[in-house]
file input-v6.cif (mmCIF, C-alpha atoms)
data_final
loop_
_atom_site.label_atom_id
_atom_site.label_comp_id
_atom_site.auth_asym_id
_atom_site.auth_seq_id
_atom_site.Cartn_x
_atom_site.Cartn_y
_atom_site.Cartn_z
CA MET M 1 20.63 -23.35 -19.22
CA LYS M 2 19.74 -21.43 -16.09
CA ARG M 3 18.72 -17.84 -16.63
CA THR M 4 19.28 -15.01 -14.15
CA VAL M 5 16.72 -12.34 -13.30
CA ALA M 6 16.63 -9.36 -10.94
CA VAL M 7 13.25 -8.10 -9.77
CA VAL M 8 13.05 -4.35 -9.11
CA THR M 9 9.94 -3.23 -7.23
CA LEU M 10 8.46 0.25 -7.13
CA GLY M 11 5.30 1.48 -5.46
CA CYS M 12 3.22 0.01 -2.67
CA THR M 13 3.31 -3.16 -0.58
CA ARG M 14 0.75 -4.72 -2.93
CA ASN M 15 3.40 -4.49 -5.64
CA GLU M 16 5.89 -6.15 -3.30
CA VAL M 17 3.59 -9.17 -3.04
CA ASP M 18 3.20 -9.26 -6.83
CA SER M 19 6.99 -9.21 -7.22
CA GLU M 20 7.39 -12.10 -4.81
CA GLU M 21 4.77 -14.11 -6.66
CA LEU M 22 6.56 -13.43 -9.97
CA ALA M 23 9.85 -14.44 -8.34
CA GLY M 24 8.23 -17.65 -7.09
CA ARG M 25 7.02 -18.56 -10.57
CA LEU M 26 10.44 -17.90 -12.11
CA LEU M 27 12.30 -19.79 -9.39
CA ALA M 28 9.98 -22.79 -9.84
CA ASP M 29 10.76 -22.81 -13.57
CA GLY M 30 14.53 -22.86 -13.07
CA TRP M 31 15.48 -19.20 -13.09
CA THR M 32 18.14 -17.90 -10.70
CA LEU M 33 17.21 -14.79 -8.74
CA VAL M 34 19.94 -12.21 -8.22
CA ASP M 35 19.88 -9.00 -6.22
CA ASP M 36 21.69 -6.65 -8.62
CA VAL M 37 20.39 -5.70 -12.04
CA GLU M 38 23.92 -5.51 -13.43
CA SER M 39 24.47 -9.23 -12.71
CA ALA M 40 21.16 -10.35 -14.21
CA GLU M 41 20.30 -11.27 -17.79
CA VAL M 42 16.81 -9.84 -17.31
CA ALA M 43 15.85 -6.78 -15.31
CA LEU M 44 12.19 -7.24 -14.41
CA VAL M 45 10.90 -3.82 -13.27
CA ASN M 46 7.59 -3.93 -11.39
CA THR M 47 6.26 -0.43 -12.08
CA CYS M 48 3.84 1.83 -10.24
CA GLY M 49 1.17 3.72 -12.18
CA PHE M 50 -0.71 5.54 -9.45
CA ILE M 51 0.40 9.19 -9.74
CA GLU M 52 2.75 11.18 -11.97
CA SER M 53 5.72 11.10 -9.57
CA ALA M 54 5.43 7.32 -9.22
CA LYS M 55 5.26 6.87 -12.98
CA LYS M 56 8.37 9.02 -13.38
CA ASP M 57 10.23 6.87 -10.86
CA SER M 58 9.20 3.77 -12.81
CA VAL M 59 10.44 5.21 -16.11
CA ASP M 60 13.72 6.25 -14.46
CA ALA M 61 14.21 2.71 -13.14
CA LEU M 62 13.63 1.26 -16.61
CA LEU M 63 16.08 3.71 -18.19
CA GLU M 64 18.69 3.01 -15.52
CA ALA M 65 18.40 -0.73 -16.12
CA ASN M 66 18.60 -0.17 -19.88
CA SER M 67 21.88 1.75 -19.46
CA LEU M 68 23.51 -1.48 -18.23
CA LYS M 69 22.80 -3.37 -21.45
CA GLY M 70 25.91 -3.99 -23.49
CA HIS M 71 28.25 -3.40 -20.54
CA GLY M 72 27.82 -6.66 -18.66
CA THR M 73 25.32 -9.42 -18.10
CA THR M 74 22.06 -7.53 -18.70
CA ARG M 75 20.41 -8.49 -21.98
CA ALA M 76 16.79 -7.43 -21.54
CA VAL M 77 14.74 -4.90 -19.59
CA VAL M 78 11.10 -5.84 -19.07
CA ALA M 79 8.33 -3.74 -17.50
CA VAL M 80 5.51 -5.32 -15.52
CA GLY M 81 3.18 -3.92 -12.86
CA CYS M 82 0.54 -1.22 -12.76
CA MET M 83 2.04 1.26 -15.22
CA ALA M 84 2.77 -1.52 -17.71
CA GLU M 85 -0.80 -2.82 -17.42
CA ARG M 86 -2.31 0.65 -17.50
CA TYR M 87 -0.61 1.86 -20.69
CA GLY M 88 0.49 -1.28 -22.56
CA ALA M 89 1.19 -0.56 -26.22
CA GLU M 90 1.25 3.20 -25.57
CA LEU M 91 4.12 2.76 -23.10
CA ALA M 92 5.94 0.43 -25.47
CA ALA M 93 5.84 3.09 -28.19
CA ALA M 94 6.93 5.87 -25.84
CA LEU M 95 9.70 3.84 -24.18
CA PRO M 96 11.60 1.78 -26.75
CA GLU M 97 14.37 1.31 -24.19
CA ALA M 98 12.21 -1.39 -22.58
CA ASP M 99 12.46 -4.68 -24.46
CA ALA M 100 8.91 -5.64 -23.53
CA ILE M 101 5.85 -4.33 -21.73
CA LEU M 102 3.94 -7.15 -20.02
CA GLY M 103 0.44 -6.95 -18.57
CA PHE M 104 -1.17 -8.85 -15.70
CA ASP M 105 -2.38 -11.56 -18.07
CA ASP M 106 1.27 -12.41 -18.84
CA TYR M 107 2.09 -13.26 -15.23
CA GLN M 108 0.93 -16.89 -15.41
CA ASP M 109 3.42 -17.56 -18.24
CA ILE M 110 6.10 -15.13 -17.06
CA SER M 111 8.95 -17.62 -17.50
CA ALA M 112 8.05 -18.38 -21.12
CA ARG M 113 7.63 -14.66 -21.83
CA LEU M 114 11.09 -13.81 -20.49
CA GLN M 115 12.78 -16.73 -22.24
CA SER M 116 11.26 -15.61 -25.53
CA ILE M 117 12.41 -12.02 -24.99
CA VAL M 118 15.98 -13.09 -24.12
CA ALA M 119 16.00 -15.22 -27.27
CA GLY M 120 15.43 -12.05 -29.26
CA ASN M 121 11.78 -12.51 -30.10
CA SER M 122 9.59 -9.42 -30.15
CA HIS M 123 6.62 -9.10 -27.85
CA VAL M 124 3.48 -7.27 -28.90
CA ALA M 125 2.30 -5.15 -25.99
CA HIS M 126 -1.37 -5.42 -25.02
CA THR M 127 -3.99 -2.74 -25.57
CA PRO M 128 -5.31 -1.76 -22.13
CA ARG M 129 -8.93 -2.45 -21.29
CA ASP M 130 -11.22 -1.73 -18.40
CA ARG M 131 -10.55 -4.74 -16.17
CA ARG M 132 -13.69 -4.09 -14.16
CA ALA M 133 -15.64 -5.51 -17.11
CA LEU M 134 -13.93 -8.89 -16.75
CA LEU M 135 -16.06 -9.82 -13.72
CA PRO M 136 -19.79 -9.53 -12.95
CA ILE M 137 -20.89 -6.19 -11.53
CA SER M 138 -22.52 -7.85 -8.53
CA PRO M 139 -19.80 -8.92 -6.06
CA VAL M 140 -21.61 -12.09 -5.00
CA ASP M 141 -21.75 -13.26 -8.63
CA ARG M 142 -17.95 -13.36 -8.94
CA ALA M 143 -17.42 -16.76 -7.32
CA ALA M 144 -17.20 -18.69 -10.60
CA GLN M 145 -14.25 -16.62 -11.81
CA ARG M 146 -12.58 -15.88 -8.47
CA ASP M 147 -10.09 -18.75 -8.50
CA LEU M 148 -8.97 -17.86 -12.03
CA ASP M 149 -8.67 -14.15 -11.25
CA LEU M 150 -6.78 -14.77 -8.00
CA GLU M 151 -4.64 -17.66 -9.14
CA ILE M 152 -1.82 -17.46 -6.58
CA ALA M 153 1.74 -18.39 -7.47
CA PRO M 154 4.26 -19.99 -5.14
CA ARG M 155 5.77 -16.96 -3.43
CA LYS M 156 9.46 -16.26 -2.85
CA ARG M 157 10.32 -13.67 -0.22
CA LEU M 158 12.70 -11.07 -1.65
CA THR M 159 13.54 -9.46 1.71
CA ASP M 160 14.35 -10.78 5.17
CA THR M 161 12.43 -8.13 7.11
CA PRO M 162 10.61 -9.35 10.26
CA TRP M 163 7.34 -8.11 8.78
CA ALA M 164 5.69 -9.17 5.54
CA PRO M 165 2.73 -8.00 3.45
CA LEU M 166 -0.10 -10.49 3.09
CA LYS M 167 -2.47 -9.83 0.18
CA ILE M 168 -6.09 -10.48 1.14
CA ALA M 169 -7.81 -9.15 -2.00
CA THR M 170 -7.25 -7.41 -5.29
CA GLY M 171 -9.11 -4.68 -7.17
CA CYS M 172 -11.64 -2.10 -6.01
CA ASP M 173 -15.34 -1.43 -6.57
CA ARG M 174 -15.29 2.22 -5.48
CA ARG M 175 -15.51 4.97 -8.10
CA CYS M 176 -13.44 7.80 -6.65
CA SER M 177 -13.24 10.42 -9.37
CA PHE M 178 -9.46 10.92 -9.02
CA CYS M 179 -8.43 7.24 -9.05
CA ALA M 180 -7.71 4.95 -12.00
CA ILE M 181 -6.81 1.89 -9.93
CA PRO M 182 -10.15 0.09 -10.51
CA TYR M 183 -9.67 0.55 -14.27
CA PHE M 184 -6.37 -1.32 -14.43
CA ARG M 185 -6.61 -3.49 -11.28
CA GLY M 186 -10.19 -4.58 -11.87
CA ALA M 187 -13.17 -5.25 -9.63
CA PHE M 188 -12.80 -6.21 -5.99
CA VAL M 189 -12.06 -9.91 -5.43
CA SER M 190 -11.37 -11.39 -1.98
CA ARG M 191 -9.01 -14.28 -1.41
CA ARG M 192 -10.61 -17.16 0.44
CA PRO M 193 -9.89 -17.20 4.20
CA THR M 194 -8.17 -20.59 3.95
CA GLU M 195 -5.70 -19.18 1.41
CA VAL M 196 -5.01 -16.11 3.53
CA ILE M 197 -4.39 -18.17 6.65
CA GLU M 198 -2.19 -20.70 4.85
CA GLU M 199 -0.04 -17.96 3.38
CA GLY M 200 0.13 -16.33 6.82
CA LYS M 201 1.51 -19.62 8.18
CA TRP M 202 4.07 -19.78 5.39
CA LEU M 203 5.19 -16.21 6.08
CA ALA M 204 5.53 -16.96 9.78
CA GLU M 205 7.61 -20.06 9.00
CA SER M 206 9.84 -17.88 6.81
CA GLY M 207 10.57 -15.56 9.74
CA ALA M 208 7.89 -12.87 9.56
CA THR M 209 6.38 -12.10 12.96
CA GLU M 210 4.26 -9.15 11.80
CA LEU M 211 1.67 -9.74 9.08
CA PHE M 212 0.64 -6.61 7.19
CA LEU M 213 -2.73 -7.20 5.50
CA VAL M 214 -2.83 -5.36 2.19
CA SER M 215 -5.39 -4.75 -0.55
CA GLU M 216 -6.91 -1.83 -2.43
CA ASN M 217 -9.75 -1.73 0.10
CA THR M 218 -9.41 -3.89 3.20
CA THR M 219 -12.79 -2.90 4.67
CA SER M 220 -14.54 -4.58 1.69
CA TYR M 221 -13.00 -7.96 2.41
CA GLY M 222 -15.55 -10.75 2.22
CA LYS M 223 -18.39 -8.92 0.49
CA ASP M 224 -17.97 -10.99 -2.67
CA LEU M 225 -17.87 -14.13 -0.53
CA GLY M 226 -21.26 -13.26 0.91
CA ASP M 227 -20.01 -12.14 4.33
CA LEU M 228 -19.02 -8.52 4.91
CA THR M 229 -17.93 -9.39 8.47
CA LEU M 230 -15.43 -11.99 7.29
CA MET M 231 -12.44 -9.91 8.40
CA GLU M 232 -13.73 -10.02 11.97
CA LYS M 233 -13.63 -13.84 11.73
CA VAL M 234 -10.23 -14.11 10.02
CA LEU M 235 -8.33 -11.91 12.47
CA PRO M 236 -8.63 -14.36 15.42
CA GLU M 237 -7.34 -17.14 13.13
CA LEU M 238 -4.33 -15.14 11.97
CA VAL M 239 -3.17 -14.20 15.47
CA LEU M 240 -3.19 -17.91 16.47
CA ILE M 241 -0.56 -18.76 13.85
CA PRO M 242 2.62 -19.89 15.68
CA GLY M 243 5.29 -17.19 15.48
CA VAL M 244 2.92 -14.31 14.69
CA GLU M 245 3.26 -11.48 17.18
CA ARG M 246 1.46 -8.69 15.37
CA VAL M 247 -1.21 -8.35 12.68
CA ARG M 248 -1.73 -4.96 11.04
CA LEU M 249 -4.47 -3.81 8.66
CA SER M 250 -3.93 -1.28 5.88
CA TYR M 251 -6.11 0.97 3.71
CA LEU M 252 -9.41 1.24 5.53
CA GLN M 253 -12.26 3.20 3.97
CA PRO M 254 -13.94 5.55 6.51
CA ALA M 255 -17.31 4.98 4.81
CA GLU M 256 -17.01 1.25 5.47
CA MET M 257 -15.69 1.31 9.04
CA ARG M 258 -18.39 -0.69 10.81
CA PRO M 259 -18.62 -1.03 14.61
CA SER M 260 -17.93 -4.79 14.51
CA LEU M 261 -14.64 -4.29 12.64
CA LEU M 262 -13.59 -1.49 14.96
CA GLN M 263 -14.31 -3.68 17.97
CA ALA M 264 -12.46 -6.65 16.46
CA MET M 265 -9.36 -4.57 15.74
CA ILE M 266 -9.32 -3.24 19.29
CA ALA M 267 -10.28 -6.41 21.15
CA THR M 268 -8.36 -9.11 19.25
CA GLU M 269 -5.03 -9.74 20.94
CA LYS M 270 -1.99 -9.11 18.71
CA VAL M 271 -3.99 -7.00 16.21
CA SER M 272 -2.37 -3.56 16.08
CA HIS M 273 -4.42 -0.58 17.16
CA TYR M 274 -3.43 1.03 13.88
CA PHE M 275 -5.95 2.68 11.58
CA ASP M 276 -4.83 3.53 8.05
CA LEU M 277 -7.91 5.57 7.11
CA SER M 278 -8.32 6.91 3.58
CA PHE M 279 -9.78 10.38 4.26
CA GLN M 280 -8.33 12.22 1.18
CA HIS M 281 -9.92 15.53 2.29
CA SER M 282 -12.31 16.83 4.96
CA SER M 283 -14.42 19.37 3.05
CA ALA M 284 -17.82 17.87 2.20
CA THR M 285 -17.90 19.82 -1.07
CA VAL M 286 -14.54 18.50 -2.23
CA LEU M 287 -15.30 14.98 -1.06
CA ARG M 288 -18.52 14.85 -3.05
CA ARG M 289 -16.65 15.90 -6.18
CA MET M 290 -14.24 13.11 -5.37
CA ARG M 291 -17.25 10.73 -5.18
CA ARG M 292 -16.46 10.06 -1.54
CA PHE M 293 -18.20 10.01 1.81
CA GLY M 294 -17.74 12.19 4.88
CA ASP M 295 -16.90 15.63 6.15
CA ASN M 296 -14.98 17.32 8.93
CA GLU M 297 -17.49 16.43 11.63
CA LYS M 298 -18.00 12.78 10.62
CA PHE M 299 -14.28 12.10 10.39
CA LEU M 300 -13.56 13.68 13.77
CA HIS M 301 -16.37 11.58 15.23
CA LEU M 302 -14.81 8.40 13.83
CA ILE M 303 -11.44 9.37 15.28
CA SER M 304 -13.02 10.06 18.66
CA GLN M 305 -14.70 6.62 18.57
CA ILE M 306 -11.36 4.95 17.94
CA ARG M 307 -9.57 6.85 20.69
CA ALA M 308 -12.40 6.27 23.16
CA LEU M 309 -11.69 2.55 22.79
CA SER M 310 -7.91 2.89 22.47
CA PRO M 311 -6.42 6.28 23.48
CA THR M 312 -2.96 5.38 22.14
CA ALA M 313 -4.16 4.00 18.79
CA GLY M 314 -2.20 5.08 15.73
CA ILE M 315 -4.16 6.82 12.97
CA ARG M 316 -2.71 7.81 9.60
CA SER M 317 -4.11 9.13 6.32
CA ASN M 318 -3.33 10.77 2.98
CA PHE M 319 -4.78 14.00 1.61
CA ILE M 320 -5.09 15.49 -1.87
CA VAL M 321 -4.64 19.26 -2.14
CA GLY M 322 -5.83 21.32 -5.11
CA PHE M 323 -8.55 18.98 -6.34
CA PRO M 324 -10.72 20.65 -9.03
CA GLY M 325 -13.05 23.13 -7.40
CA GLU M 326 -11.15 23.29 -4.10
CA THR M 327 -11.58 26.83 -2.76
CA GLU M 328 -9.54 28.66 -0.16
CA ALA M 329 -12.34 27.93 2.31
CA ASP M 330 -12.17 24.20 1.49
CA PHE M 331 -8.41 24.23 2.02
CA ASN M 332 -8.76 26.07 5.33
CA GLU M 333 -11.35 23.51 6.43
CA LEU M 334 -8.80 20.78 5.77
CA VAL M 335 -6.18 22.64 7.82
CA GLU M 336 -8.67 23.00 10.68
CA PHE M 337 -9.49 19.28 10.53
CA LEU M 338 -5.83 18.25 10.69
CA SER M 339 -5.18 20.60 13.59
CA LYS M 340 -7.90 18.78 15.58
CA ALA M 341 -7.42 15.20 14.35
CA LYS M 342 -3.98 14.64 15.93
CA LEU M 343 -3.01 12.02 13.38
CA ASP M 344 0.23 10.07 13.74
CA ALA M 345 1.23 10.09 10.06
CA ILE M 346 0.00 12.26 7.18
CA GLY M 347 0.76 12.15 3.47
CA VAL M 348 0.16 15.34 1.46
CA PHE M 349 -0.18 15.16 -2.33
CA GLY M 350 -0.87 17.81 -4.91
CA TYR M 351 -3.65 16.92 -7.34
CA SER M 352 -2.65 15.91 -10.86
CA ASP M 353 -4.85 14.83 -13.78
CA GLU M 354 -4.92 11.08 -14.33
CA ASP M 355 -6.00 9.24 -17.48
CA LYS M 356 -9.26 7.27 -17.34
CA THR M 357 -10.60 9.23 -14.36
CA GLU M 358 -13.69 11.39 -14.00
CA ALA M 359 -11.65 14.18 -12.40
CA LEU M 360 -9.79 14.65 -15.66
CA THR M 361 -12.99 16.12 -17.15
CA LEU M 362 -14.03 18.25 -14.17
CA ALA M 363 -14.22 22.03 -14.51
CA ASP M 364 -12.76 24.61 -12.11
CA LYS M 365 -9.22 23.24 -12.20
CA VAL M 366 -6.98 24.84 -9.57
CA ASP M 367 -3.97 26.71 -10.92
CA GLN M 368 -0.75 24.71 -10.53
CA ASP M 369 0.97 27.54 -8.67
CA VAL M 370 -1.89 27.57 -6.15
CA ILE M 371 -1.63 23.79 -5.77
CA ASN M 372 2.10 24.05 -5.16
CA SER M 373 1.72 26.80 -2.56
CA ARG M 374 -1.02 24.88 -0.73
CA VAL M 375 1.05 21.70 -0.70
CA GLU M 376 4.02 23.63 0.67
CA LEU M 377 1.97 25.36 3.37
CA LEU M 378 0.10 22.23 4.43
CA SER M 379 3.31 20.17 4.51
CA LYS M 380 4.87 22.67 6.93
CA LEU M 381 1.78 22.65 9.13
CA VAL M 382 1.66 18.85 9.03
CA ASP M 383 5.23 18.67 10.29
CA GLU M 384 4.18 20.76 13.29
CA PHE M 385 1.03 18.69 13.91
CA LEU M 386 2.95 15.42 13.75
CA MET M 387 5.66 16.68 16.07
CA GLN M 388 3.02 17.77 18.57
CA ARG M 389 1.44 14.32 18.39
CA ALA M 390 4.83 12.68 18.93
CA VAL M 391 5.46 14.84 22.01
CA GLU M 392 2.13 13.68 23.44
CA ARG M 393 3.50 10.14 23.44
CA ILE M 394 6.33 10.93 25.86
CA GLY M 395 5.87 8.67 28.87
CA GLU M 396 3.88 6.13 26.84
CA HIS M 397 4.70 2.41 26.99
CA VAL M 398 5.41 0.98 23.53
CA ARG M 399 6.36 -2.41 22.11
CA VAL M 400 8.96 -1.95 19.41
CA LEU M 401 9.85 -4.38 16.62
CA ILE M 402 13.57 -3.89 15.90
CA GLU M 403 14.38 -3.53 12.18
CA ASP M 404 17.93 -2.14 12.25
CA GLU M 405 20.49 -3.61 14.64
CA VAL M 406 23.07 -0.86 14.12
CA THR M 407 20.82 2.13 14.84
CA GLN M 408 18.40 0.19 17.08
CA GLU M 409 15.55 1.53 14.96
CA GLY M 410 12.18 -0.12 15.00
CA ARG M 411 8.44 0.44 14.93
CA ALA M 412 5.93 0.67 17.71
CA GLU M 413 2.40 -0.65 17.33
CA HIS M 414 1.11 2.70 16.01
CA GLN M 415 3.79 2.95 13.29
CA GLY M 416 3.28 1.22 9.96
CA PRO M 417 6.09 -0.17 7.77
CA GLU M 418 8.05 2.18 5.50
CA VAL M 419 5.62 5.12 5.44
CA ASP M 420 5.37 6.19 9.11
CA GLY M 421 7.83 7.33 11.75
CA SER M 422 10.19 5.11 13.74
CA THR M 423 11.13 4.46 17.35
CA PHE M 424 14.79 4.31 18.40
CA ILE M 425 15.80 2.28 21.43
CA THR M 426 18.58 3.75 23.61
CA GLY M 427 20.68 2.16 26.35
CA ARG M 428 23.52 -0.33 26.67
CA ALA M 429 21.59 -3.37 25.52
CA LYS M 430 21.70 -4.10 21.79
CA TYR M 431 18.73 -5.89 20.30
CA LYS M 432 18.71 -7.96 17.15
CA VAL M 433 16.49 -7.49 14.11
CA GLY M 434 13.16 -9.18 14.76
CA GLU M 435 13.19 -8.76 18.54
CA TYR M 436 10.30 -7.03 20.31
CA VAL M 437 11.32 -4.56 22.99
CA ASP M 438 9.02 -3.16 25.67
CA ALA M 439 10.04 0.44 26.24
CA VAL M 440 8.95 3.87 27.47
CA VAL M 441 9.08 6.95 25.23
CA THR M 442 11.40 9.56 26.75
CA GLU M 443 11.86 12.13 23.97
CA VAL M 444 11.24 12.82 20.30
CA SER M 445 13.33 13.62 17.26
CA GLY M 446 11.00 15.27 14.77
CA VAL M 447 8.22 12.74 14.23
CA ASP M 448 10.36 9.85 15.50
CA LEU M 449 10.30 8.58 19.07
CA ILE M 450 13.21 7.75 21.37
CA ALA M 451 12.55 5.15 24.04
CA VAL M 452 14.35 3.28 26.80
CA PRO M 453 13.73 -0.41 27.49
CA VAL M 454 11.57 -1.33 30.46
#
call {"tool": "encode", "arguments": {"input": "input-v6.cif", "output": "structure tokens"}}
result
Amino acid sequence: MKRTVAVVTLGCTRNEVDSEELAGRLLADGWTLVDDVESAEVALVNTCGFIESAKKDSVDALLEANSLKGHGTTRAVVAVGCMAERYGAELAAALPEADAILGFDDYQDISARLQSIVAGNSHVAHTPRDRRALLPISPVDRAAQRDLDLEIAPRKRLTDTPWAPLKIATGCDRRCSFCAIPYFRGAFVSRRPTEVIEEGKWLAESGATELFLVSENTTSYGKDLGDLTLMEKVLPELVLIPGVERVRLSYLQPAEMRPSLLQAMIATEKVSHYFDLSFQHSSATVLRRMRRFGDNEKFLHLISQIRALSPTAGIRSNFIVGFPGETEADFNELVEFLSKAKLDAIGVFGYSDEDKTEALTLADKVDQDVINSRVELLSKLVDEFLMQRAVERIGEHVRVLIEDEVTQEGRAEHQGPEVDGSTFITGRAKYKVGEYVDAVVTEVSGVDLIAVPV
């Protein structure tokens, strides 16, 4: 008998890829995918476990799905994803509303797991472990286990957007003191170039014209394959795929931005001049406590290098406010940096303690009221900085990928999917989703641009 399942995805684009791989496995084993949880026997919630607010959203989604049980089709609510992997048995005990908590190791047999749960069998949640220990410490020694660790499922697209995330690697080798991702995602493992290119072809055949390369650390791609410049060689192959009009990179580490990669991103036709740089702060003192590279001067120099090669390049980043030991002077240094950087998109987050991180044990914790006030102040300043940057783009020529036919909303080359601003096309002509429109920016609306077709 065919079973029905709805996949609910929270968190980042990397989770979206995981959901589509889970959907592909289930579809291949005879399951029917449905869009609404209320019409599915199983609600499969792909959770996010990065920060407290994301974990709360994941719990809320599980509780909402659970509320449908007994009133219709829904018979089981199952948690997968980062929060499920990160907490395992602890989450199962704290959230009995979920019928099962599945870890990453359950993905290969996801169909059997769900069938067993629907049949009423209990599932013993895993005890989390440090997944970095599952692979050799030396990246180049990981080849023997790479294919097992990156066993890729047949993927089923769950959206019809004209852009699609393309996972190039998983895990991270960095040891940022605030981040638990390496603990539950494991060590950094690159997908082989042939796999990346083949999946890029499949995505293009399915209607995606923009490929969004995603990983926990895109600048590390290839180091475990013995070639740290592998990305520079893969980009020209990706842009040659029939139907691909734009390739975009995400999550670049400033410490690993090498000249050859910068040149490749600027010089390779169809690669977006879009730099998603993970700065996190600009004070050298705070960054060292974060176990990270850089300072105000080095980051501004990197930005100036990018804009010397491409004056209209888009640059975005996220910043943590109130990290342990952050002084008023550190905070003011961050404000000064942002006032000079002229970034196109900025995320501001208040620090919160995270399990299995070094920062949890650091002294000199900043009072929560101070964190809240700094987040509020910086958010207001960021709005002003971003609006100023948007105004500077008036008169600029942009190529916009239409994503909403009704509002004529789309994204220019410097605007990333979902997290950045948008560009709205005005005029009598109405463009369809997936069309690229050459236009000139005429005005702004907050951080969004308004443009007229050329």
call {"tool": "residues_around", "arguments": {"input": "input-v6.cif", "residues": "region 352-366 of chain M", "least_positions_apart": "2", "cutoff": "6 Å", "atoms": "all atoms listed in the file", "output": "ChimeraX atom specification"}}
result
/M:177-178,180,322,324-325
call {"tool": "write_last_selection", "arguments": {"input": "input-v6.cif", "atoms": "C-alpha atoms", "output": "PDB file, keeping the file's coordinate frame"}}
result
ATOM      1  CA  SER M 177     -13.240  10.420  -9.370  1.00  0.00           C
ATOM      2  CA  PHE M 178      -9.460  10.920  -9.020  1.00  0.00           C
ATOM      3  CA  ALA M 180      -7.710   4.950 -12.000  1.00  0.00           C
ATOM      4  CA  GLY M 322      -5.830  21.320  -5.110  1.00  0.00           C
ATOM      5  CA  PRO M 324     -10.720  20.650  -9.030  1.00  0.00           C
ATOM      6  CA  GLY M 325     -13.050  23.130  -7.400  1.00  0.00           C
TER       7      GLY M 325
END
call {"tool": "atom_distance", "arguments": {"input": "input-v6.cif", "atom1": "CA of Val454 (chain M)", "atom2": "CA of Glu392 (chain M)"}}
result
19.1 Å
call {"tool": "residues_near_point", "arguments": {"input": "input-v6.cif", "point": "(-5.3, -15.6, 18.2)", "cutoff": "9 Å", "atoms": "only C-alpha atoms", "output": "list in words"}}
result
Leu235, Pro236, Glu237, Leu238, Val239, Leu240, Ile241, Thr268, Glu269, Lys270 and Val271 of chain M
call {"tool": "atom_distance", "arguments": {"input": "input-v6.cif", "atom1": "CA of Lys430 (chain M)", "atom2": "CA of Arg393 (chain M)"}}
result
23.2 Å
call {"tool": "resolve_selection", "arguments": {"input": "input-v6.cif", "expression": "the PyMOL selection byres ((chain M and resi 371) around 9)", "output": "list in words"}}
result
Val321, Gly322, Phe323, Gly350, Tyr351, Val366, Asp367, Gln368, Asp369, Val370, Asn372, Ser373, Arg374, Val375 and Glu376 of chain M
call {"tool": "write_last_selection", "arguments": {"input": "input-v6.cif", "atoms": "C-alpha atoms", "output": "PDB file, keeping the file's coordinate frame"}}
result
ATOM      1  CA  VAL M 321      -4.640  19.260  -2.140  1.00  0.00           C
ATOM      2  CA  GLY M 322      -5.830  21.320  -5.110  1.00  0.00           C
ATOM      3  CA  PHE M 323      -8.550  18.980  -6.340  1.00  0.00           C
ATOM      4  CA  GLY M 350      -0.870  17.810  -4.910  1.00  0.00           C
ATOM      5  CA  TYR M 351      -3.650  16.920  -7.340  1.00  0.00           C
ATOM      6  CA  VAL M 366      -6.980  24.840  -9.570  1.00  0.00           C
ATOM      7  CA  ASP M 367      -3.970  26.710 -10.920  1.00  0.00           C
ATOM      8  CA  GLN M 368      -0.750  24.710 -10.530  1.00  0.00           C
ATOM      9  CA  ASP M 369       0.970  27.540  -8.670  1.00  0.00           C
ATOM     10  CA  VAL M 370      -1.890  27.570  -6.150  1.00  0.00           C
ATOM     11  CA  ASN M 372       2.100  24.050  -5.160  1.00  0.00           C
ATOM     12  CA  SER M 373       1.720  26.800  -2.560  1.00  0.00           C
ATOM     13  CA  ARG M 374      -1.020  24.880  -0.730  1.00  0.00           C
ATOM     14  CA  VAL M 375       1.050  21.700  -0.700  1.00  0.00           C
ATOM     15  CA  GLU M 376       4.020  23.630   0.670  1.00  0.00           C
TER      16      GLU M 376
END
